[in-house]
Structures are given as structure tokens and as C-alpha cells.
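Novice: The following file, model19.pdb, comprises PDB, C-alpha atoms:
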ATOM      1  CA  VAL A   1     134.672 181.850  77.015
ATOM      2  CA  ASP A   2     132.841 178.926  78.556
ATOM      3  CA  ASP A   3     135.427 176.311  79.264
ATOM      4  CA  SER A   4     133.017 173.762  80.714
ATOM      5  CA  ILE A   5     133.159 170.171  79.515
ATOM      6  CA  THR A   6     129.941 168.298  78.674
ATOM      7  CA  PHE A   7     129.788 164.512  78.985
ATOM      8  CA  LYS A   8     127.098 162.559  77.143
ATOM      9  CA  VAL A   9     126.242 159.234  78.803
ATOM     10  CA  GLU A  10     124.102 156.630  76.984
ATOM     11  CA  VAL A  11     122.624 153.966  79.265
ATOM     12  CA  GLU A  12     121.377 150.661  77.761
ATOM     13  CA  GLU A  13     119.078 148.652  79.957
ATOM     14  CA  SER A  14     119.741 144.902  79.957
ATOM     15  CA  VAL A  15     117.803 142.171  81.637
ATOM     16  CA  VAL A  16     119.539 139.461  83.567
ATOM     17  CA  PHE A  17     117.951 136.182  82.571
ATOM     18  CA  SER A  18     120.292 133.821  84.326
ATOM     19  CA  HIS A  19     122.838 133.956  87.057
ATOM     20  CA  PRO A  20     124.721 130.693  87.219
ATOM     21  CA  SER A  21     126.242 130.222  90.631
ATOM     22  CA  ALA A  22     129.115 128.083  89.373
ATOM     23  CA  VAL A  23     130.433 130.636  86.839
ATOM     24  CA  PRO A  24     131.487 134.098  88.147
ATOM     25  CA  GLN A  25     129.922 136.083  85.349
ATOM     26  CA  ILE A  26     126.635 137.669  84.380
ATOM     27  CA  ARG A  27     125.170 137.035  80.930
ATOM     28  CA  LEU A  28     123.374 139.922  79.320
ATOM     29  CA  GLY A  29     121.172 139.878  76.278
ATOM     30  CA  LYS A  30     117.726 139.340  74.854
ATOM     31  CA  ALA A  31     115.611 136.173  74.987
ATOM     32  CA  ASP A  32     112.556 135.002  73.013
ATOM     33  CA  VAL A  33     109.519 134.128  75.068
ATOM     34  CA  THR A  34     107.841 130.869  73.976
ATOM     35  CA  PHE A  35     104.180 130.160  74.896
ATOM     36  CA  GLU A  36     103.227 126.502  74.972
ATOM     37  CA  GLN A  37      99.614 125.830  73.888
ATOM     38  CA  LYS A  38      98.011 123.289  76.184
ATOM     39  CA  THR A  39      94.832 121.290  75.619
ATOM     40  CA  PRO A  40      91.915 123.047  77.329
ATOM     41  CA  SER A  41      90.765 121.286  80.455
ATOM     42  CA  VAL A  42      87.122 122.352  79.982
ATOM     43  CA  GLU A  43      84.796 119.360  80.231
ATOM     44  CA  VAL A  44      81.646 119.623  78.096
ATOM     45  CA  PRO A  45      78.636 117.877  79.700
ATOM     46  CA  PRO A  46      76.816 115.201  77.666
ATOM     47  CA  SER A  47      73.588 116.027  75.880
ATOM     48  CA  THR A  48      70.427 115.804  77.975
ATOM     49  CA  LEU A  49      67.950 116.704  75.238
ATOM     50  CA  GLN A  50      66.536 113.189  74.915
ATOM     51  CA  ALA A  51      66.088 112.766  78.663
ATOM     52  CA  ASP A  52      64.615 116.245  78.993
ATOM     53  CA  LEU A  53      62.024 115.619  76.286
ATOM     54  CA  LEU A  54      61.097 112.246  77.742
ATOM     55  CA  SER A  55      60.640 113.767  81.196
ATOM     56  CA  LEU A  56      58.013 116.079  79.725
ATOM     57  CA  LEU A  57      55.983 112.969  78.911
ATOM     58  CA  THR A  58      56.683 110.884  81.995
ATOM     59  CA  GLU A  59      56.214 113.778  84.434
ATOM     60  CA  GLY A  60      53.420 115.484  82.504
ATOM     61  CA  ARG A  61      54.991 118.939  82.758
ATOM     62  CA  HIS A  62      53.397 121.617  80.578
ATOM     63  CA  SER A  63      51.123 119.034  78.928
ATOM     64  CA  ASP A  64      48.106 120.247  76.992
ATOM     65  CA  VAL A  65      46.450 116.984  75.938
ATOM     66  CA  THR A  66      45.575 113.654  77.536
ATOM     67  CA  ILE A  67      45.970 110.440  75.551
ATOM     68  CA  GLU A  68      43.648 107.800  77.003
ATOM     69  CA  ALA A  69      44.162 104.128  76.123
ATOM     70  CA  VAL A  70      40.933 102.147  76.525
ATOM     71  CA  TYR A  71      41.570  98.606  75.369
ATOM     72  CA  GLY A  72      39.551  95.503  76.148
ATOM     73  CA  GLU A  73      38.665  94.885  79.767
ATOM     74  CA  ALA A  74      41.833  96.440  81.158
ATOM     75  CA  ALA A  75      41.632  99.624  83.166
ATOM     76  CA  PRO A  76      42.134 102.789  81.068
ATOM     77  CA  VAL A  77      45.657 104.186  80.997
ATOM     78  CA  THR A  78      46.303 107.901  80.468
ATOM     79  CA  PHE A  79      49.348 109.805  79.239
ATOM     80  CA  SER A  80      49.878 113.552  79.652
ATOM     81  CA  ALA A  81      51.324 114.637  76.324
ATOM     82  CA  HIS A  82      52.015 117.720  74.222
ATOM     83  CA  THR A  83      50.216 118.502  70.981
ATOM     84  CA  ASN A  84      53.147 120.380  69.450
ATOM     85  CA  ILE A  85      55.526 117.420  69.830
ATOM     86  CA  LEU A  86      53.023 114.788  68.689
ATOM     87  CA  SER A  87      51.893 116.918  65.748
ATOM     88  CA  GLN A  88      55.464 117.443  64.610
ATOM     89  CA  ARG A  89      56.263 113.738  64.803
ATOM     90  CA  SER A  90      53.039 112.311  63.350
ATOM     91  CA  ASP A  91      50.787 113.706  60.642
ATOM     92  CA  VAL A  92      47.962 111.544  61.970
ATOM     93  CA  PHE A  93      48.186 113.132  65.413
ATOM     94  CA  ALA A  94      48.400 116.538  63.774
ATOM     95  CA  ALA A  95      45.185 115.896  61.860
ATOM     96  CA  ALA A  96      43.429 114.592  64.969
ATOM     97  CA  PHE A  97      44.331 117.663  67.006
ATOM     98  CA  SER A  98      43.347 120.008  64.185
ATOM     99  CA  HIS A  99      39.921 118.561  63.486
ATOM    100  CA  GLU A 100      38.533 116.121  66.030
ATOM    101  CA  MET A 101      39.616 118.127  69.053
ATOM    102  CA  ARG A 102      38.948 121.632  67.784
ATOM    103  CA  GLU A 103      35.786 121.915  69.828
ATOM    104  CA  SER A 104      36.765 119.526  72.604
ATOM    105  CA  ALA A 105      36.847 121.151  76.008
ATOM    106  CA  THR A 106      38.458 118.179  77.749
ATOM    107  CA  ARG A 107      41.478 118.005  75.421
ATOM    108  CA  THR A 108      41.393 114.225  75.586
ATOM    109  CA  LEU A 109      42.136 111.817  72.739
ATOM    110  CA  THR A 110      40.787 108.314  73.370
ATOM    111  CA  VAL A 111      42.492 105.368  71.663
ATOM    112  CA  THR A 112      40.538 102.115  71.681
ATOM    113  CA  ASP A 113      42.435  99.931  69.196
ATOM    114  CA  VAL A 114      46.001 100.043  70.547
ATOM    115  CA  PRO A 115      47.083  98.131  73.692
ATOM    116  CA  PRO A 116      48.460 100.459  76.399
ATOM    117  CA  PRO A 117      52.008  98.995  76.290
ATOM    118  CA  ALA A 118      52.218  99.529  72.526
ATOM    119  CA  LEU A 119      50.810 103.051  72.837
ATOM    120  CA  LYS A 120      53.321 103.846  75.583
ATOM    121  CA  ALA A 121      56.167 102.515  73.436
ATOM    122  CA  LEU A 122      54.927 104.625  70.521
ATOM    123  CA  LEU A 123      54.785 107.794  72.625
ATOM    124  CA  HIS A 124      58.239 107.193  74.098
ATOM    125  CA  PHE A 125      59.618 106.792  70.584
ATOM    126  CA  LEU A 126      57.943 109.993  69.392
ATOM    127  CA  TYR A 127      59.622 111.900  72.232
ATOM    128  CA  THR A 128      63.076 110.267  71.967
ATOM    129  CA  ASP A 129      63.456 108.685  68.492
ATOM    130  CA  ASP A 130      65.310 105.912  70.318
ATOM    131  CA  PHE A 131      64.670 102.205  69.702
ATOM    132  CA  ASP A 132      66.409 101.310  72.967
ATOM    133  CA  GLU A 133      63.721 103.281  74.763
ATOM    134  CA  VAL A 134      61.043 101.279  72.920
ATOM    135  CA  GLN A 135      62.643  97.999  73.960
ATOM    136  CA  LYS A 136      62.936  99.237  77.545
ATOM    137  CA  VAL A 137      59.204 100.009  77.649
ATOM    138  CA  LEU A 138      58.296  96.624  76.189
ATOM    139  CA  ARG A 139      60.525  94.798  78.677
ATOM    140  CA  GLU A 140      59.069  96.682  81.621
ATOM    141  CA  GLU A 141      55.491  96.228  80.477
ATOM    142  CA  GLY A 142      56.104  92.565  79.679
ATOM    143  CA  SER A 143      57.611  91.781  83.070
ATOM    144  CA  SER A 144      54.859  93.605  84.958
ATOM    145  CA  GLY A 145      52.128  91.997  82.887
ATOM    146  CA  GLY A 146      53.482  88.496  83.167
ATOM    147  CA  SER A 147      54.651  88.511  86.778
ATOM    148  CA  SER A 148      51.435  87.074  88.148
ATOM    149  CA  SER A 149      51.483  84.069  85.846
ATOM    150  CA  SER A 150      55.231  83.473  85.778
ATOM    151  CA  SER A 151      55.166  80.793  88.470
ATOM    152  CA  GLY A 152      52.488  78.790  86.708
ATOM    153  CA  ALA A 153      54.253  79.068  83.385
ATOM    154  CA  ALA A 154      57.521  77.960  84.910
ATOM    155  CA  ALA A 155      55.846  74.969  86.535
ATOM    156  CA  SER A 156      54.466  73.833  83.192
ATOM    157  CA  GLY A 157      57.809  74.333  81.469
ATOM    158  CA  GLY A 158      56.486  76.981  79.089
ATOM    159  CA  ALA A 159      58.053  80.102  80.572
ATOM    160  CA  SER A 160      60.509  80.680  77.731
ATOM    161  CA  SER A 161      58.004  80.018  74.953
ATOM    162  CA  GLY A 162      55.442  82.211  76.701
ATOM    163  CA  ALA A 163      57.935  85.070  76.890
ATOM    164  CA  ALA A 164      58.754  84.666  73.195
ATOM    165  CA  GLU A 165      55.089  84.736  72.239
ATOM    166  CA  GLN A 166      54.536  87.803  74.390
ATOM    167  CA  SER A 167      57.481  89.564  72.741
ATOM    168  CA  ILE A 168      56.083  88.817  69.276
ATOM    169  CA  ALA A 169      52.620  90.004  70.321
ATOM    170  CA  GLN A 170      54.119  93.251  71.628
ATOM    171  CA  LEU A 171      56.034  93.852  68.398
ATOM    172  CA  GLN A 172      52.928  93.126  66.348
ATOM    173  CA  ALA A 173      51.023  95.719  68.371
ATOM    174  CA  VAL A 174      53.830  98.269  67.981
ATOM    175  CA  LEU A 175      53.898  97.682  64.219
ATOM    176  CA  ALA A 176      50.132  98.182  64.012
ATOM    177  CA  ALA A 177      50.312 101.347  66.130
ATOM    178  CA  ALA A 178      53.169 102.742  64.032
ATOM    179  CA  HIS A 179      51.141 102.061  60.887
ATOM    180  CA  LYS A 180      48.055 103.749  62.314
ATOM    181  CA  TYR A 181      49.909 106.937  63.251
ATOM    182  CA  GLY A 182      52.178 107.008  60.209
ATOM    183  CA  VAL A 183      55.482 106.550  62.057
ATOM    184  CA  LEU A 184      57.410 104.817  59.277
ATOM    185  CA  ARG A 185      60.740 104.604  61.090
ATOM    186  CA  LEU A 186      59.196 102.722  64.007
ATOM    187  CA  LEU A 187      57.154 100.521  61.662
ATOM    188  CA  ARG A 188      60.275  99.422  59.767
ATOM    189  CA  TRP A 189      62.091  98.734  63.021
ATOM    190  CA  ALA A 190      59.271  96.517  64.303
ATOM    191  CA  GLU A 191      59.149  94.812  60.909
ATOM    192  CA  GLY A 192      62.844  93.983  61.142
ATOM    193  CA  GLN A 193      62.456  92.650  64.673
ATOM    194  CA  LEU A 194      59.634  90.336  63.578
ATOM    195  CA  CYS A 195      61.696  89.048  60.640
ATOM    196  CA  ASP A 196      64.140  87.647  63.198
ATOM    197  CA  LYS A 197      61.369  85.788  65.042
ATOM    198  CA  LEU A 198      59.954  83.685  62.222
ATOM    199  CA  SER A 199      58.945  80.136  63.108
ATOM    200  CA  CYS A 200      56.535  77.491  61.850
ATOM    201  CA  GLU A 201      54.132  78.507  64.602
ATOM    202  CA  MET A 202      54.172  82.221  63.777
ATOM    203  CA  ALA A 203      54.767  82.320  60.018
ATOM    204  CA  CYS A 204      51.098  82.396  58.992
ATOM    205  CA  SER A 205      50.023  85.040  61.483
ATOM    206  CA  LEU A 206      53.006  87.226  60.598
ATOM    207  CA  LEU A 207      52.228  86.864  56.888
ATOM    208  CA  SER A 208      48.681  88.047  57.552
ATOM    209  CA  LEU A 209      50.016  90.963  59.594
ATOM    210  CA  ALA A 210      52.481  91.922  56.873
ATOM    211  CA  HIS A 211      49.726  91.795  54.259
ATOM    212  CA  VAL A 212      47.418  94.069  56.281
ATOM    213  CA  TYR A 213      50.009  96.716  57.181
ATOM    214  CA  GLY A 214      52.100  96.750  54.019
ATOM    215  CA  ALA A 215      55.235  95.351  55.659
ATOM    216  CA  THR A 216      56.796  94.208  52.396
ATOM    217  CA  GLU A 217      60.088  92.924  53.806
ATOM    218  CA  LEU A 218      58.328  90.912  56.494
ATOM    219  CA  GLU A 219      55.987  89.516  53.848
ATOM    220  CA  ARG A 220      58.905  88.489  51.650
ATOM    221  CA  ASN A 221      60.652  86.761  54.557
ATOM    222  CA  CYS A 222      57.456  84.979  55.585
ATOM    223  CA  LEU A 223      56.864  83.649  52.067
ATOM    224  CA  ALA A 224      60.452  82.415  51.778
ATOM    225  CA  PHE A 225      60.289  80.767  55.208
ATOM    226  CA  MET A 226      56.953  79.106  54.495
ATOM    227  CA  LYS A 227      58.195  77.740  51.182
ATOM    228  CA  ALA A 228      61.338  76.324  52.815
ATOM    229  CA  ASN A 229      59.280  74.747  55.626
ATOM    230  CA  MET A 230      56.160  73.914  53.619
ATOM    231  CA  ALA A 231      55.622  70.421  55.053
ATOM    232  CA  ASN A 232      55.379  71.813  58.600
ATOM    233  CA  VAL A 233      53.529  75.020  57.752
ATOM    234  CA  VAL A 234      50.665  73.804  55.556
ATOM    235  CA  LYS A 235      49.398  71.287  58.121
ATOM    236  CA  ARG A 236      48.929  73.929  60.792
ATOM    237  CA  ALA A 237      45.446  75.282  61.482
ATOM    238  CA  GLU A 238      46.631  78.862  60.935
ATOM    239  CA  PHE A 239      47.432  78.086  57.301
ATOM    240  CA  ALA A 240      43.776  77.326  56.560
ATOM    241  CA  THR A 241      42.723  80.698  57.955
ATOM    242  CA  LEU A 242      45.062  82.797  55.811
ATOM    243  CA  PRO A 243      43.328  85.658  53.959
ATOM    244  CA  PRO A 244      42.699  84.790  50.296
ATOM    245  CA  GLU A 245      45.091  87.483  49.099
ATOM    246  CA  ALA A 246      47.888  86.177  51.315
ATOM    247  CA  LEU A 247      47.238  82.622  50.170
ATOM    248  CA  VAL A 248      47.434  83.719  46.536
ATOM    249  CA  LYS A 249      50.773  85.407  47.208
ATOM    250  CA  PHE A 250      52.054  82.232  48.846
ATOM    251  CA  ASN A 251      51.016  80.105  45.859
ATOM    252  CA  MET A 252      52.606  82.586  43.463
ATOM    253  CA  HIS A 253      55.818  82.599  45.469
ATOM    254  CA  CYS A 254      55.976  78.801  45.439
ATOM    255  CA  ALA A 255      55.490  78.915  41.667
ATOM    256  CA  GLY A 256      58.379  81.326  41.308
ATOM    257  CA  ILE A 257      56.204  84.295  40.356
ATOM    258  CA  GLU A 258      56.654  87.509  42.247
ATOM    259  CA  PRO A 259      53.449  89.497  42.974
ATOM    260  CA  SER A 260      54.847  92.480  41.098
ATOM    261  CA  GLU A 261      55.197  90.387  37.948
ATOM    262  CA  GLU A 262      51.660  89.079  37.817
ATOM    263  CA  GLU A 263      48.684  90.447  39.735
ATOM    264  CA  PRO A 264      45.895  88.036  40.669
ATOM    265  CA  GLY A 265      42.905  88.173  38.314
ATOM    266  CA  ARG A 266      44.677  90.244  35.671
ATOM    267  CA  LYS A 267      45.709  88.778  32.340
ATOM    268  CA  ARG A 268      49.201  89.495  31.100
ATOM    269  CA  LYS A 269      49.246  91.663  27.999
ATOM    270  CA  ARG A 270      50.478  90.062  24.814
ATOM    271  CA  ASP A 271      53.657  91.367  23.302
ATOM    272  CA  ASP A 272      51.875  92.454  20.125
ATOM    273  CA  GLU A 273      49.350  94.639  21.970
TER     274      GLU A 273
END
Written as C-alpha cells, how would this file's structure read?
Specialist:
Amino acid sequence: VDDSITFKVEVEESVVFSHPSAVPQIRLGKADVTFEQKTPSVEVPPSTLQADLLSLLTEGRHSDVTIEAVYGEAAPVTFSAHTNILSQRSDVFAAAFSHEMRESATRTLTVTDVPPPALKALLHFLYTDDFDEVQKVLREEGSSGGSSSSSGAAASGGASSGAAEQSIAQLQAVLAAAHKYGVLRLLRWAEGQLCDKLSCEMACSLLSLAHVYGATELERNCLAFMKANMANVVKRAEFATLPPEALVKFNMHCAGIEPSEEEPGRKRKRDDE
């Protein structure tokens, strides 16, 4: 007979989570672990796409076409551009690169009817889609172009008016360039800028510009301004040189007839026809 005694010992493992020094006891038990979610401290850099695209133009990296501005007596100005970007942004450029330059070995597109500052502003907009960049170009080109005559203008007291006229001339050139290359967004922006610069001195020339380039909002503002300031506008020499079509629109506007209601030279149909 085996008279041995067997003892079964069950050991439970406990974790000591705290051991207060002031109380002579040890607390045993289980504890829930809580994880506190903190805001990530990762800093995302700002976008550099606009600056990167513009640097392709300003630095001429990987360019495959030269845009040459030959205007008046000024020295030609060249821009190293990229056909894929210009073609994507302008159907007119796309057509020019597809047809006129197909057999051109020099890969040069010469522009003779756009002033270099306006062409530069146009190209910068095509690469950035940023109106601030357009204004920056116009300011820089305006200050560099007018620096030589600034002292004489200041002496005659016409510095501010000269700067205003130069700004209007620049915007007119940008509007014409945007119209030529089918950049509607830039055309509408230039149109809006010119609407804010209406005056008795510029109303007639801006009306002619609006008529030529289909700037309907500028045309409407010019007609309203000229009607409200008729006594000062009609006696100016520019009024006598208005194109016949623009003069007809002005007369119709003064008579309260919108051009869309009655076209010049066309009889209104009778109700019974």
C-alpha cells in the first residue's frame, strides 16, 4: 500500500501595479491599459507645383520650342517654352505647333503683333493659372520700361497719370493677346480690370477695344459710362474716331435700345408675319 500524500498547488500570477509607500499593503489585481491618441506631428510641405512649372519657363529647362517676340523697333525677346504645356493650355498654340511648325527645323514661333511684356504675362499665366503672377510681370515690366523717363515725368507732374496710362495700355495688350490665343479666363480677367479704369479720357478707346475683341461686359460698362458723362465724352477727339459699329451701339444705348433687341440695318418683323 502506497501511503504517500500528494499535494496539488495552484499558483496564480498577479502583477503589482502600485506600491504606495504610505500604506503597508500590496494591491493585487488587473488593470485596463488606455492608449491616448495624439495628433500626428507630421508637417506636410506646401505645394510647389506652380513654382516648379514656372521655373521650367523662366529657366528654360527641357524646352523644345522658342517663342520670339518681335514688336516694333524694340529688340527681339525670346522665351524657351514647352509645346506640350502650351498646346494643353491654348488651342491656338496647339494648332500652330501642329501645322506651321511641322517642317520647321528651328522650332521657333515668331510673334509680331504682341508686345513682349504682354506675351510674357500670357506665358506666365499659361504655366501658373495665377492672376497674381500676371500682375507681378506687368509691374516688373512697367517699372523697368518707365525707369528712364520717370524723372522727367515727375518733374512735369505727370508721373501718376503716366503710370495709369501705362497700366491701361498693358491690360489692353494682355486682353488682345488672350483673345488671339483663345485664353478666355485671362481675357475675362483683363476685361474686368479695364472696367475699373474707365474715365472720360479712356472710354472711347476702351469701347473700340471691347468691340474688336468681343469683351461684352467692358462694352456694356463703356456705353453706360459714356451716356452718364456724355457732355465730357462727345467733345473729345477720340469720340469722332469711333468705329461706325461702336458709334451705332452708343446711339442705340442712349436711345434705350439694347443691341440684342434691334440690329443695325435690319427691320423688325411685324407681329402678323
Novice: Pick the closest to Val114 in chain A from A:Ile85, A:Ile67, A:Ala210, A:Met202: which is it, counting only C-alpha atoms?
Specialist: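 So, comparing all the options, the nearest one is A:Ile67.
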Novice: Neighbours of Gly192 in chain A within 9 Å (all atoms listed in the file; same-chain residues fewer than 5 positions away dropped), as a list in words?
Specialist: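 So, after excluding close chain neighbours, the residues are Leu187, Glu217 and Leu218 of chain A.
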Novice: Would you save the residues of that selection, restricted to C-alpha atoms, as a compact mmCIF listing (two decimals), in the frame of the given file?
Specialist:
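Output file again-v3.txt is given in full below:
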# COMPACT_ATOMS: atom_id res chain seq x y z
CA LEU A 187 57.15 100.52 61.66
CA GLU A 217 60.09 92.92 53.81
CA LEU A 218 58.33 90.91 56.49
Novice: Nearest residue to Pro116 in chain A out of A:Glu141, A:Ala176, A:Lys8, A:Leu86, using all atoms listed in the file?
Specialist: A:Glu141
Novice: Assuming the chain letters and numbering stay as they are in my file, what does the PyMOL selection byres ((chain A and resi 215) around 12) actually select? List them as JSON, numbers by chain.
Specialist: {"A": [172, 175, 176, 178, 179, 184, 186, 187, 188, 189, 190, 191, 192, 193, 194, 195, 206, 207, 208, 209, 210, 211, 212, 213, 214, 216, 217, 218, 219, 220, 221, 222]}
Novice: Selected by the PyMOL selection byres ((chain A and resi 125) around 12) in the shown coordinates: which residues, as number ranges by chain?
Specialist: A: 50-51, 53-54, 57, 85-86, 89-90, 118-124, 126-138, 174, 177-178, 183-187, 189
Novice: What does the distance between CA of Leu223 in chain A and CA of Lys180 in chain A come to in Å, to one decimal place?
Specialist: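 So the two atoms, CA of Leu223 in chain A and CA of Lys180 in chain A, lie 24.2 Å apart.
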Novice: Grab the CA of Gly60 in chain A to CA of His82 in chain A distance for me, in Å with one decimal place.
Specialist: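 Between CA of Gly60 in chain A and CA of His82 in chain A the gap works out to 8.7 Å.
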Novice: Let me know the residues the PyMOL selection byres ((chain A and resi 64) around 8) catches in the file above, as a list in words.
Specialist: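 On this input, the PyMOL selection byres ((chain A and resi 64) around 8) captures His62, Ser63, Val65, Thr66, Ser80, Ala81, His82, Thr83 and Arg107 of chain A.
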Novice: Return the single residue from A:Leu109, A:Val248, A:Ser205, A:Ala69 that is closest to Ala169 in chain A, with distances computed using only C-alpha atoms.
Specialist: A:Ser205
Novice: To one decimal in Å, tell me the separation between CA of Gly162 in chain A and CA of Leu242 in chain A.
Specialist: 23.3 Å
Novice: Could I get range 60-87 of chain A rebuilt with N, CA and C atoms, written as a short mmCIF file (atom, residue, chain, number, x, y, z; two decimals), in the frame of the given file?
Specialist:
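Contents of part_0.cif, as written:
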data_model
loop_
_atom_site.label_atom_id
_atom_site.label_comp_id
_atom_site.auth_asym_id
_atom_site.auth_seq_id
_atom_site.Cartn_x
_atom_site.Cartn_y
_atom_site.Cartn_z
N GLY A 60 54.62 114.73 82.87
CA GLY A 60 53.42 115.48 82.50
C GLY A 60 53.56 116.98 82.62
N ARG A 61 54.78 117.49 82.61
CA ARG A 61 54.99 118.94 82.76
C ARG A 61 54.58 119.68 81.49
N HIS A 62 53.84 120.74 81.67
CA HIS A 62 53.40 121.62 80.58
C HIS A 62 52.57 120.88 79.53
N SER A 63 51.93 119.78 79.89
CA SER A 63 51.12 119.03 78.93
C SER A 63 49.84 119.79 78.62
N ASP A 64 49.34 119.58 77.39
CA ASP A 64 48.11 120.25 76.99
C ASP A 64 47.10 119.28 76.36
N VAL A 65 47.37 117.98 76.46
CA VAL A 65 46.45 116.98 75.94
C VAL A 65 46.64 115.68 76.71
N THR A 66 45.54 114.96 76.87
CA THR A 66 45.58 113.65 77.54
C THR A 66 45.27 112.57 76.52
N ILE A 67 46.18 111.60 76.41
CA ILE A 67 45.97 110.44 75.55
C ILE A 67 45.47 109.31 76.44
N GLU A 68 44.26 108.84 76.17
CA GLU A 68 43.65 107.80 77.00
C GLU A 68 43.56 106.50 76.21
N ALA A 69 44.19 105.45 76.75
CA ALA A 69 44.16 104.13 76.12
C ALA A 69 43.07 103.30 76.79
N VAL A 70 42.02 102.98 76.04
CA VAL A 70 40.93 102.15 76.53
C VAL A 70 40.91 100.91 75.65
N TYR A 71 41.39 99.80 76.19
CA TYR A 71 41.57 98.61 75.37
C TYR A 71 41.06 97.38 76.12
N GLY A 72 40.08 96.72 75.54
CA GLY A 72 39.55 95.50 76.15
C GLY A 72 38.97 95.76 77.52
N GLU A 73 39.20 94.80 78.41
CA GLU A 73 38.66 94.88 79.77
C GLU A 73 39.65 95.50 80.75
N ALA A 74 40.83 95.85 80.28
CA ALA A 74 41.83 96.44 81.16
C ALA A 74 41.43 97.85 81.56
N ALA A 75 41.92 98.27 82.69
CA ALA A 75 41.63 99.62 83.17
C ALA A 75 42.26 100.64 82.23
N PRO A 76 41.58 101.76 81.96
CA PRO A 76 42.13 102.79 81.07
C PRO A 76 43.46 103.32 81.60
N VAL A 77 44.34 103.63 80.67
CA VAL A 77 45.66 104.19 81.00
C VAL A 77 45.76 105.54 80.31
N THR A 78 46.21 106.55 81.03
CA THR A 78 46.30 107.90 80.47
C THR A 78 47.75 108.37 80.41
N PHE A 79 48.03 109.21 79.42
CA PHE A 79 49.35 109.80 79.24
C PHE A 79 49.16 111.31 79.04
N SER A 80 49.92 112.10 79.79
CA SER A 80 49.88 113.55 79.65
C SER A 80 50.91 113.96 78.61
N ALA A 81 50.44 114.39 77.46
CA ALA A 81 51.32 114.64 76.32
C ALA A 81 51.25 116.09 75.87
N HIS A 82 51.88 116.36 74.73
CA HIS A 82 52.02 117.72 74.22
C HIS A 82 51.68 117.73 72.74
N THR A 83 50.69 118.51 72.36
CA THR A 83 50.22 118.50 70.98
C THR A 83 51.28 118.95 69.99
N ASN A 84 52.13 119.89 70.40
CA ASN A 84 53.15 120.38 69.45
C ASN A 84 54.16 119.30 69.11
N ILE A 85 54.56 118.49 70.09
CA ILE A 85 55.53 117.42 69.83
C ILE A 85 54.88 116.31 69.01
N LEU A 86 53.69 115.87 69.40
CA LEU A 86 53.02 114.79 68.69
C LEU A 86 52.66 115.21 67.26
N SER A 87 52.24 116.44 67.08
CA SER A 87 51.89 116.92 65.75
C SER A 87 53.11 116.99 64.84
#
